[in-house]
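Notes to accompany the following structure.
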Amino acid sequence: MTYRARRRSMLAALTLLWLWIFAAAPRAAVRAATSDPLSADPPALALALPLGASTSQTVTITNNTASVLAPTVLEANPVFAAAPAAPPAAGATRVALPQQPGRVDPQLARELADPAARADFMIYLRDQADLAAAYQIRDWNARGQYVYATLRDYAERSQRGLRAELAARGLAYRPFWVANAVLVRGGLADAQALAARADVALVRANHIAALPAAATAQIAADARCSPDDPGNPICWNLRKIGVDRVWRDFGVAGRGIVVANIDTGVRFDHPALARQYRGWRGAASYDHNYSWFDPKGLNRAPADPHGHGTHTMGSMVASGAGTTTRPAVGVAPEASWIAAQGCASSNCGEVDLISSAQWLLAPTDLDGRSPRPDLRPMIVNNSWSAGGGDSWYAGYTAAWRAAGIFPLFAAGNSGSACRSINSPGDYPDVLGIGATDQNDLAASFSARGPTADGRRKPDFMAPGGSPGILSTAPGDGESYRVLQGTSMATPQVAGLVALLWSANPNLVGDYDATVDLLRASARAIGDTSCGDQPGAPNNVYGYGRVDAYAAVQRARPDIAWLSVEAAPAAIGPGASAALQIRVDSGRVAGPGVYHARVQLFASPTSTPTAIDITLTVAAIQTQALVTGRVLSAESGAPLAATVGVRAAQPVATGAQGEFALTLAPGVYQLEASAPSFASAERLITVSGDLQLPDIALLPDYPRAVVGSTPISAELAFGESRSFGISIANSGARPLQFHARVLPDAFGAFRSDEPGGPAYSWRQLPNTAATLDFSKARYQKDVPLGFEFPFYNGTFTDTVVAADGFLAFSTPPASYTALASGCFPDIGFSFFEIAPFRADVDLAAGGAVHYATLDQGRTFVLSYEQVRLRGDASGSAYSFQVLLHADGRIVYQYRAVPAAPQVVAVGLQRTFLDYQQIGCGSAAPLHSGLAIELRPQAAPAQWLTLSAAQGAVQPAAEQTLTATLRWGWPQSLPQRARIEISSSDPLRERVIVPVQAVPRRPPWVFWLPVISRQQW
């Protein structure tokens, strides 16, 4: 049972004393150098009880420091000497260098083209310090000192020769140690000469990053915090991720954790932020040393002329007053904050961002002196970004990670196209955060993955979309404003990390363990639009939308048979206090020996004092064995579940879903739970051995039941007809859905449907050309022989890829292998025609031919007897695509033994405008099939929906109305598809086919157009 420390009844005098002590020095935990800050007597407990009994023990806790301590008390699992806890996994161990073409940055060469021009540039030395040993250091202060000293000393030694030459040239310079680099102001000749040095890796211009453009949400002032529940002073986004429940149920609000942002600055005296500022000294008094950094040296107190930084800091730590004028907008309102003004406006210079990164590793006084790595923040929020695939900041995030700092970056507001993720949020050693709206759907502006090198991003999502995030703003008094963006989502996850580290200080500095908790607790949201498999983490939502309550619940170990009944709220210098510990052998799974610990933290960064507890539970004559199984109510399959009686230690089920508990006689509430299933309870009376009926668990997610019967109608002139599409929810959770008419510019007609086109394989003449892919995976400038209309363009030649498709564009990056599974294709971005896009291995056999037939009216591209890479069966595939001069496209399949796991069939205009006919092994292909794609009017011109989104409660149903209207028939019939996507993880997307057959109008008037032309 977890001890919930609320501290609501502390004496006013003690509260004032505590606040005075924290105000007297920067709020960073500094461990006593000579002894542990807390000691316990006795240091261990060994207890023996019969099954079903309980007892309490008192332990005396002594404060060995000269300050008042408010200890955090945690239950914990045991650590045995034979298996000591491993140090945190190492991230990058050397500061990485930026990537650029050539040793002199091309941008710098352009800036300095005029011989008289002068500019700032950064010289990066080739050798960088190795920080691997930092990951073995558990002490927070020692770890920070090691990283700082290692980087500083290495730079001092290795920069001597370079600094001497700079002095000889008479150039002004500023050395950096966070990366082994020197900032210089000079001309092009200087840059070129310095770049030629053997110890220099590259010379880089002062590039500009940016704050992602944040949208101001239009919403009534009285509903800005809680448009879903007007008057609720806890804003919708905090309630969405369960922050309010964390405060209420666990008493955790970030106490002891220091966060920072690199942003436009912060309004430090905002009433919701002032007391959390580490420089606050009480009664409107502040000391800005070690808590504020302006790289330009203009502001000696925190300032924010833009407002972006005040907003992001508020989302992390702003406190509420329980009113609509001062609502709760911050995730961790008991955490402290510091700030670096790396962005003086909406643009952020690289030099300022580097300076900020260095200062955060070892904050200084306002004059840049006396660095203190022990005062570095624990978590850094970065709501700024640059273009994707740019590793220039990787060295600084590597140094942060080595020092135990947790870095988070906004994914960027660059839109919903795949591969739009920004840097540094796309780095592997940081968290990149995207934005969702109030329905847990990705915001349209939230950038997607994968990264340039194919990794999945973003990592997590948090609220940042509609209806917008309310947070603190510059101005007078209690100013707030609403913004949307991934900039708004990221600080909420930073605040969540503060909650986790405050709840369990064992996590401080352990990036991987923290990320594991976030992954395990996030609410998964499926999406396949960027090439991911259904149900898996993906390039739109990452591992899902964060769930603060579930994460903190996992972070605080709950030992069922152990509880802390009373813990001291505060202990004075040199004083002692009693800690009451209770053990209950009725809360174990049966007789045996059980081990646990109680940990006492003087601060989140101190090494805990541990009280080892051993409980030996003896059997009793009246004990009984309770057995049973846990199965899925839907399929009857055994589940990997946990089973136990209420408030007791559960047991895990076996391979067949079986379990066994040994209990004393009595009446119990039996509980069974499994991931993604609703928990079940059963009241049992134990008087002897008991075999229980199977426990069937229902899925704990929404279940979409969508009426997907095809819609078809003949429409007379001027007629419109409406059809209902039922959307029901048979699951246990509310179902969120979105509906849209897909932008199908072509009607798809199959030879295996009534009235469909005829299959007729086109045999190419002996004069047909054969394409050679031995040196490249695609061939450019393949002539069509006529003008071919496709979407909004007309083309006379094409690009043919070995992988079963052609395009009217070249790939944006090097194309050496199949880049995508389903549509959209991220390898070739635009104007793609794919009859069978798969990983074709022409080295294993087969060939690709083309010819123009039918008196120059039909282009035929034929893949014949080709094999697929890695296909052990050796199956051969033959298919072709025909392009007709009138814009029709025909796919024909002579030999398709089976649709492979990775194949896509369809068309693509852009990342966001594509028409997928089939994907993967479910693609509707077979030998002897023809698919004709006929140009048609945009479906949105004749098909509308009654709603674009909605929510369906469990056991409820809604009707979506589709209305078809007569339109001038460009082709007959017209075809469209309605896509209904939902939060059902097993049926994320349903397609409803629609066909309209507009009849000819009863009459048509042709009006002559007469023009007059003067000669």
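Each chain in the structure tokens gets a letter, A, B, ..., in the order shown, and its residues are numbered from 1; ligands are numbered from 1 in order too.
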Quiz prompt | Long-range neighbours of segment 423-426 of chain A as JSON, numbers by chain, 8 Å cut-off, only C-alpha atoms, 3 positions minimum in chain | solution = {"A": [385, 386, 387, 388, 389, 390, 391, 393, 394, 408, 409, 410, 411, 412, 430, 431, 432, 433, 451, 457, 458]}
Write the residues of the preceding selection, restricted to N, CA, C and O atoms, as a PDB file, in the first residue's frame.
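out13.pdb written:
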```pdb
ATOM      1  N   SER A 385      13.063  24.208 -32.962  1.00  0.00           N
ATOM      2  CA  SER A 385      13.495  23.158 -33.889  1.00  0.00           C
ATOM      3  C   SER A 385      14.074  23.777 -35.142  1.00  0.00           C
ATOM      4  O   SER A 385      13.945  24.978 -35.391  1.00  0.00           O
ATOM      5  N   ALA A 386      14.736  22.917 -35.918  1.00  0.00           N
ATOM      6  CA  ALA A 386      15.233  23.270 -37.244  1.00  0.00           C
ATOM      7  C   ALA A 386      14.785  22.174 -38.192  1.00  0.00           C
ATOM      8  O   ALA A 386      14.043  21.258 -37.808  1.00  0.00           O
ATOM      9  N   GLY A 387      15.224  22.222 -39.428  1.00  0.00           N
ATOM     10  CA  GLY A 387      14.832  21.201 -40.393  1.00  0.00           C
ATOM     11  C   GLY A 387      15.269  19.812 -39.963  1.00  0.00           C
ATOM     12  O   GLY A 387      16.226  19.642 -39.196  1.00  0.00           O
ATOM     13  N   GLY A 388      14.576  18.793 -40.456  1.00  0.00           N
ATOM     14  CA  GLY A 388      14.872  17.425 -40.072  1.00  0.00           C
ATOM     15  C   GLY A 388      16.202  16.938 -40.610  1.00  0.00           C
ATOM     16  O   GLY A 388      16.748  17.470 -41.579  1.00  0.00           O
ATOM     17  N   GLY A 389      16.742  15.902 -39.954  1.00  0.00           N
ATOM     18  CA  GLY A 389      17.977  15.289 -40.410  1.00  0.00           C
ATOM     19  C   GLY A 389      19.216  16.135 -40.201  1.00  0.00           C
ATOM     20  O   GLY A 389      20.236  15.910 -40.841  1.00  0.00           O
ATOM     21  N   ASP A 390      19.171  17.099 -39.272  1.00  0.00           N
ATOM     22  CA  ASP A 390      20.299  17.995 -39.017  1.00  0.00           C
ATOM     23  C   ASP A 390      20.866  17.669 -37.638  1.00  0.00           C
ATOM     24  O   ASP A 390      20.240  17.920 -36.609  1.00  0.00           O
ATOM     25  N   SER A 391      22.083  17.128 -37.600  1.00  0.00           N
ATOM     26  CA  SER A 391      22.653  16.624 -36.342  1.00  0.00           C
ATOM     27  C   SER A 391      23.495  17.669 -35.616  1.00  0.00           C
ATOM     28  O   SER A 391      24.233  17.314 -34.696  1.00  0.00           O
ATOM     29  N   TYR A 393      23.101  19.728 -33.271  1.00  0.00           N
ATOM     30  CA  TYR A 393      22.965  19.884 -31.818  1.00  0.00           C
ATOM     31  C   TYR A 393      23.211  18.574 -31.073  1.00  0.00           C
ATOM     32  O   TYR A 393      23.105  18.526 -29.858  1.00  0.00           O
ATOM     33  N   ALA A 394      23.544  17.501 -31.804  1.00  0.00           N
ATOM     34  CA  ALA A 394      23.669  16.186 -31.174  1.00  0.00           C
ATOM     35  C   ALA A 394      24.759  16.159 -30.115  1.00  0.00           C
ATOM     36  O   ALA A 394      24.653  15.427 -29.123  1.00  0.00           O
ATOM     37  N   LEU A 408      14.090  17.041 -23.809  1.00  0.00           N
ATOM     38  CA  LEU A 408      12.872  16.873 -24.602  1.00  0.00           C
ATOM     39  C   LEU A 408      12.811  17.978 -25.647  1.00  0.00           C
ATOM     40  O   LEU A 408      13.160  19.130 -25.365  1.00  0.00           O
ATOM     41  N   PHE A 409      12.341  17.623 -26.866  1.00  0.00           N
ATOM     42  CA  PHE A 409      12.248  18.573 -27.969  1.00  0.00           C
ATOM     43  C   PHE A 409      10.890  18.448 -28.652  1.00  0.00           C
ATOM     44  O   PHE A 409      10.333  17.344 -28.770  1.00  0.00           O
ATOM     45  N   ALA A 410      10.399  19.575 -29.141  1.00  0.00           N
ATOM     46  CA  ALA A 410       9.176  19.576 -29.935  1.00  0.00           C
ATOM     47  C   ALA A 410       9.433  18.894 -31.274  1.00  0.00           C
ATOM     48  O   ALA A 410      10.479  19.084 -31.896  1.00  0.00           O
ATOM     49  N   ALA A 411       8.442  18.107 -31.722  1.00  0.00           N
ATOM     50  CA  ALA A 411       8.564  17.443 -33.021  1.00  0.00           C
ATOM     51  C   ALA A 411       8.527  18.442 -34.161  1.00  0.00           C
ATOM     52  O   ALA A 411       9.078  18.193 -35.233  1.00  0.00           O
ATOM     53  N   GLY A 412       7.894  19.595 -33.947  1.00  0.00           N
ATOM     54  CA  GLY A 412       7.787  20.607 -34.984  1.00  0.00           C
ATOM     55  C   GLY A 412       6.379  20.720 -35.525  1.00  0.00           C
ATOM     56  O   GLY A 412       5.601  19.761 -35.482  1.00  0.00           O
ATOM     57  N   VAL A 430      17.015  11.729 -27.499  1.00  0.00           N
ATOM     58  CA  VAL A 430      16.114  12.686 -26.878  1.00  0.00           C
ATOM     59  C   VAL A 430      14.679  12.229 -27.139  1.00  0.00           C
ATOM     60  O   VAL A 430      14.428  11.414 -28.021  1.00  0.00           O
ATOM     61  N   LEU A 431      13.748  12.781 -26.370  1.00  0.00           N
ATOM     62  CA  LEU A 431      12.339  12.545 -26.652  1.00  0.00           C
ATOM     63  C   LEU A 431      11.822  13.629 -27.591  1.00  0.00           C
ATOM     64  O   LEU A 431      11.984  14.823 -27.322  1.00  0.00           O
ATOM     65  N   GLY A 432      11.210  13.203 -28.708  1.00  0.00           N
ATOM     66  CA  GLY A 432      10.536  14.116 -29.611  1.00  0.00           C
ATOM     67  C   GLY A 432       9.036  14.000 -29.398  1.00  0.00           C
ATOM     68  O   GLY A 432       8.483  12.895 -29.430  1.00  0.00           O
ATOM     69  N   ILE A 433       8.372  15.120 -29.183  1.00  0.00           N
ATOM     70  CA  ILE A 433       6.973  15.116 -28.747  1.00  0.00           C
ATOM     71  C   ILE A 433       6.075  15.761 -29.798  1.00  0.00           C
ATOM     72  O   ILE A 433       6.332  16.871 -30.264  1.00  0.00           O
ATOM     73  N   THR A 451      12.396   9.358 -39.431  1.00  0.00           N
ATOM     74  CA  THR A 451      13.516  10.277 -39.577  1.00  0.00           C
ATOM     75  C   THR A 451      14.218  10.032 -40.904  1.00  0.00           C
ATOM     76  O   THR A 451      13.917   9.075 -41.625  1.00  0.00           O
ATOM     77  N   LYS A 457       9.718   8.142 -35.233  1.00  0.00           N
ATOM     78  CA  LYS A 457       9.514   9.359 -34.452  1.00  0.00           C
ATOM     79  C   LYS A 457       8.134   9.884 -34.813  1.00  0.00           C
ATOM     80  O   LYS A 457       7.628   9.579 -35.896  1.00  0.00           O
ATOM     81  N   PRO A 458       7.477  10.687 -33.971  1.00  0.00           N
ATOM     82  CA  PRO A 458       7.901  11.130 -32.652  1.00  0.00           C
ATOM     83  C   PRO A 458       7.856   9.987 -31.636  1.00  0.00           C
ATOM     84  O   PRO A 458       7.407   8.887 -31.951  1.00  0.00           O
TER      85      PRO A 458
END
```
Expected answer as an mmCIF file with N, CA, C and O atoms, in the first residue's frame: helix (DSSP H, G or I) residues in segment 859-1005 of chain A:
```
data_model
loop_
_atom_site.group_PDB
_atom_site.id
_atom_site.type_symbol
_atom_site.label_atom_id
_atom_site.label_comp_id
_atom_site.auth_asym_id
_atom_site.auth_seq_id
_atom_site.Cartn_x
_atom_site.Cartn_y
_atom_site.Cartn_z
ATOM 1 N N GLY A 920 -0.035 -4.895 -48.566
ATOM 2 C CA GLY A 920 0.343 -6.093 -47.829
ATOM 3 C C GLY A 920 -0.344 -7.339 -48.345
ATOM 4 O O GLY A 920 -0.901 -7.375 -49.459
ATOM 5 N N SER A 921 -0.320 -8.368 -47.527
ATOM 6 C CA SER A 921 -0.866 -9.661 -47.944
ATOM 7 C C SER A 921 -2.367 -9.613 -48.180
ATOM 8 O O SER A 921 -2.926 -10.517 -48.814
ATOM 9 N N ALA A 922 -3.049 -8.568 -47.684
ATOM 10 C CA ALA A 922 -4.493 -8.434 -47.902
ATOM 11 C C ALA A 922 -4.814 -7.704 -49.207
ATOM 12 O O ALA A 922 -5.997 -7.499 -49.515
ATOM 13 N N PRO A 939 -14.436 13.645 -55.780
ATOM 14 C CA PRO A 939 -15.632 13.158 -55.064
ATOM 15 C C PRO A 939 -16.280 14.196 -54.169
ATOM 16 O O PRO A 939 -17.496 14.166 -53.979
ATOM 17 N N ALA A 940 -15.481 15.111 -53.618
ATOM 18 C CA ALA A 940 -16.064 16.123 -52.728
ATOM 19 C C ALA A 940 -17.045 17.036 -53.450
ATOM 20 O O ALA A 940 -17.850 17.721 -52.810
ATOM 21 N N GLN A 941 -17.041 17.037 -54.782
ATOM 22 C CA GLN A 941 -17.982 17.857 -55.532
ATOM 23 C C GLN A 941 -19.389 17.271 -55.525
ATOM 24 O O GLN A 941 -20.357 17.995 -55.737
#
```
Gln621 of chain A surroundings by only C-alpha atoms, 12 Å radius, close-in-sequence under 4 positions cut, as a compact mmCIF listing (two decimals) with C-alpha atoms, in the first residue's frame:
```txt
# COMPACT_ATOMS: atom_id res chain seq x y z
CA PRO A 50 1.70 -17.03 10.46
CA LEU A 51 -0.42 -16.72 7.31
CA GLY A 52 -3.17 -14.13 7.82
CA PRO A 591 3.58 -19.15 2.93
CA LEU A 625 -5.58 -23.55 -2.08
CA THR A 662 -2.88 -19.97 -0.73
CA LEU A 663 -5.24 -18.13 1.63
CA ALA A 664 -6.37 -18.24 5.22
CA PRO A 665 -10.10 -18.90 5.73
CA SER A 687 -13.20 -22.44 3.95
CA GLY A 688 -11.24 -25.14 2.13
```
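Between atom CA of Ala589 of chain A and atom CA of Thr653 of chain A there is a distance of 12.5 Å.
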Exercise. Please provide the set of residues having any atom within 9 Å of Ala116 of chain A, restricted to only C-alpha atoms, with same-chain residues fewer than 3 positions apart removed, written as a list in words.
Key: Leu112, Ala113 and Gly187 of chain A
Put those residues in a file: C-alpha atoms, as a PDB file, in the first residue's frame.
```pdb
ATOM      1  CA  LEU A 112      31.745  36.123 -46.578  1.00  0.00           C
ATOM      2  CA  ALA A 113      31.885  36.333 -50.379  1.00  0.00           C
ATOM      3  CA  GLY A 187      36.623  36.829 -42.889  1.00  0.00           C
TER       4      GLY A 187
END
```
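Each of A:Gly654, A:Pro985, A:Gly572, A:Pro37 was checked against Gln533 of chain A using only C-alpha atoms; the smallest atom-to-atom distance is that of A:Pro985.
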Selection: 9 Å around Asn504 of chain A, only C-alpha atoms, excl. self and same-chain fewer than 4 positions, as a CSV table (one decimal) with N, CA, C and O atoms, in the first residue's frame:
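Once everything was written out, this is part.csv:
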```csv
chain,number,residue,atom,x,y,z
A,72,THR,N,11.2,12.0,1.5
A,72,THR,CA,10.3,11.2,0.7
A,72,THR,C,10.5,9.8,1.1
A,72,THR,O,11.6,9.3,1.1
A,74,LEU,N,9.5,5.8,0.3
A,74,LEU,CA,9.0,5.0,-0.7
A,74,LEU,C,9.1,3.5,-0.3
A,74,LEU,O,10.1,3.1,0.3
A,499,LEU,N,7.2,14.8,-12.4
A,499,LEU,CA,6.4,14.1,-11.5
A,499,LEU,C,7.0,12.7,-11.3
A,499,LEU,O,7.0,12.2,-10.1
A,500,LEU,N,7.4,12.0,-12.3
A,500,LEU,CA,8.0,10.7,-12.1
A,500,LEU,C,9.2,10.7,-11.2
A,500,LEU,O,9.4,9.9,-10.3
A,508,VAL,N,16.0,9.5,-11.0
A,508,VAL,CA,16.7,10.8,-11.4
A,508,VAL,C,17.9,10.4,-12.1
A,508,VAL,O,18.8,9.7,-11.7
A,552,VAL,N,2.9,7.5,-13.2
A,552,VAL,CA,3.3,7.7,-11.8
A,552,VAL,C,2.9,6.5,-11.0
A,552,VAL,O,3.7,6.1,-10.1
A,555,ALA,N,5.6,4.1,-11.4
A,555,ALA,CA,6.9,4.6,-10.9
A,555,ALA,C,7.0,4.4,-9.4
A,555,ALA,O,8.1,4.3,-8.9
A,556,ARG,N,5.9,4.3,-8.7
A,556,ARG,CA,5.9,4.1,-7.2
A,556,ARG,C,5.6,2.7,-6.9
A,556,ARG,O,4.4,2.3,-6.9
A,557,PRO,N,6.6,1.9,-6.6
A,557,PRO,CA,6.4,0.5,-6.3
A,557,PRO,C,5.4,0.4,-5.1
A,557,PRO,O,5.5,1.1,-4.1
A,604,PRO,N,15.5,14.5,-4.0
A,604,PRO,CA,15.5,13.6,-5.1
A,604,PRO,C,16.9,13.2,-5.6
A,604,PRO,O,17.0,12.2,-6.3
```
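Distances from A:Phe790, A:Phe406, A:Trp292, A:Tyr877 to Tyr277 of chain A were compared using only C-alpha atoms, and the smallest one belongs to A:Trp292.
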Exercise. Go through A:Val546, A:Ala435, A:Val59, A:Ala134 and flag the residue nearest Leu518 of chain A, using only C-alpha atoms for the distances.
Key: A:Val546
Practice problem: Please give the complete set of residues from segment 367-549 of chain A that DSSP, run on the backbone, assigns to strand (DSSP E or B), formatted as a PyMOL selection string. | Solution: chain A and resi 379-382+385-386+406-410+423+431-436+442+460-463+469-472+480-484+523+538+542+545
Practice problem: Show which residues sit within 12 Å of Gly495 of chain A, as an NGL selection string. Count only C-alpha atoms, and ignore same-chain residues fewer than 5 positions away. | Solution: :A and (238 or 241 or 243 or 252-255 or 257-261 or 312-318 or 329-337 or 378-381 or 406-408 or 462 or 488-490 or 500-502 or 546 or 548 or 552)
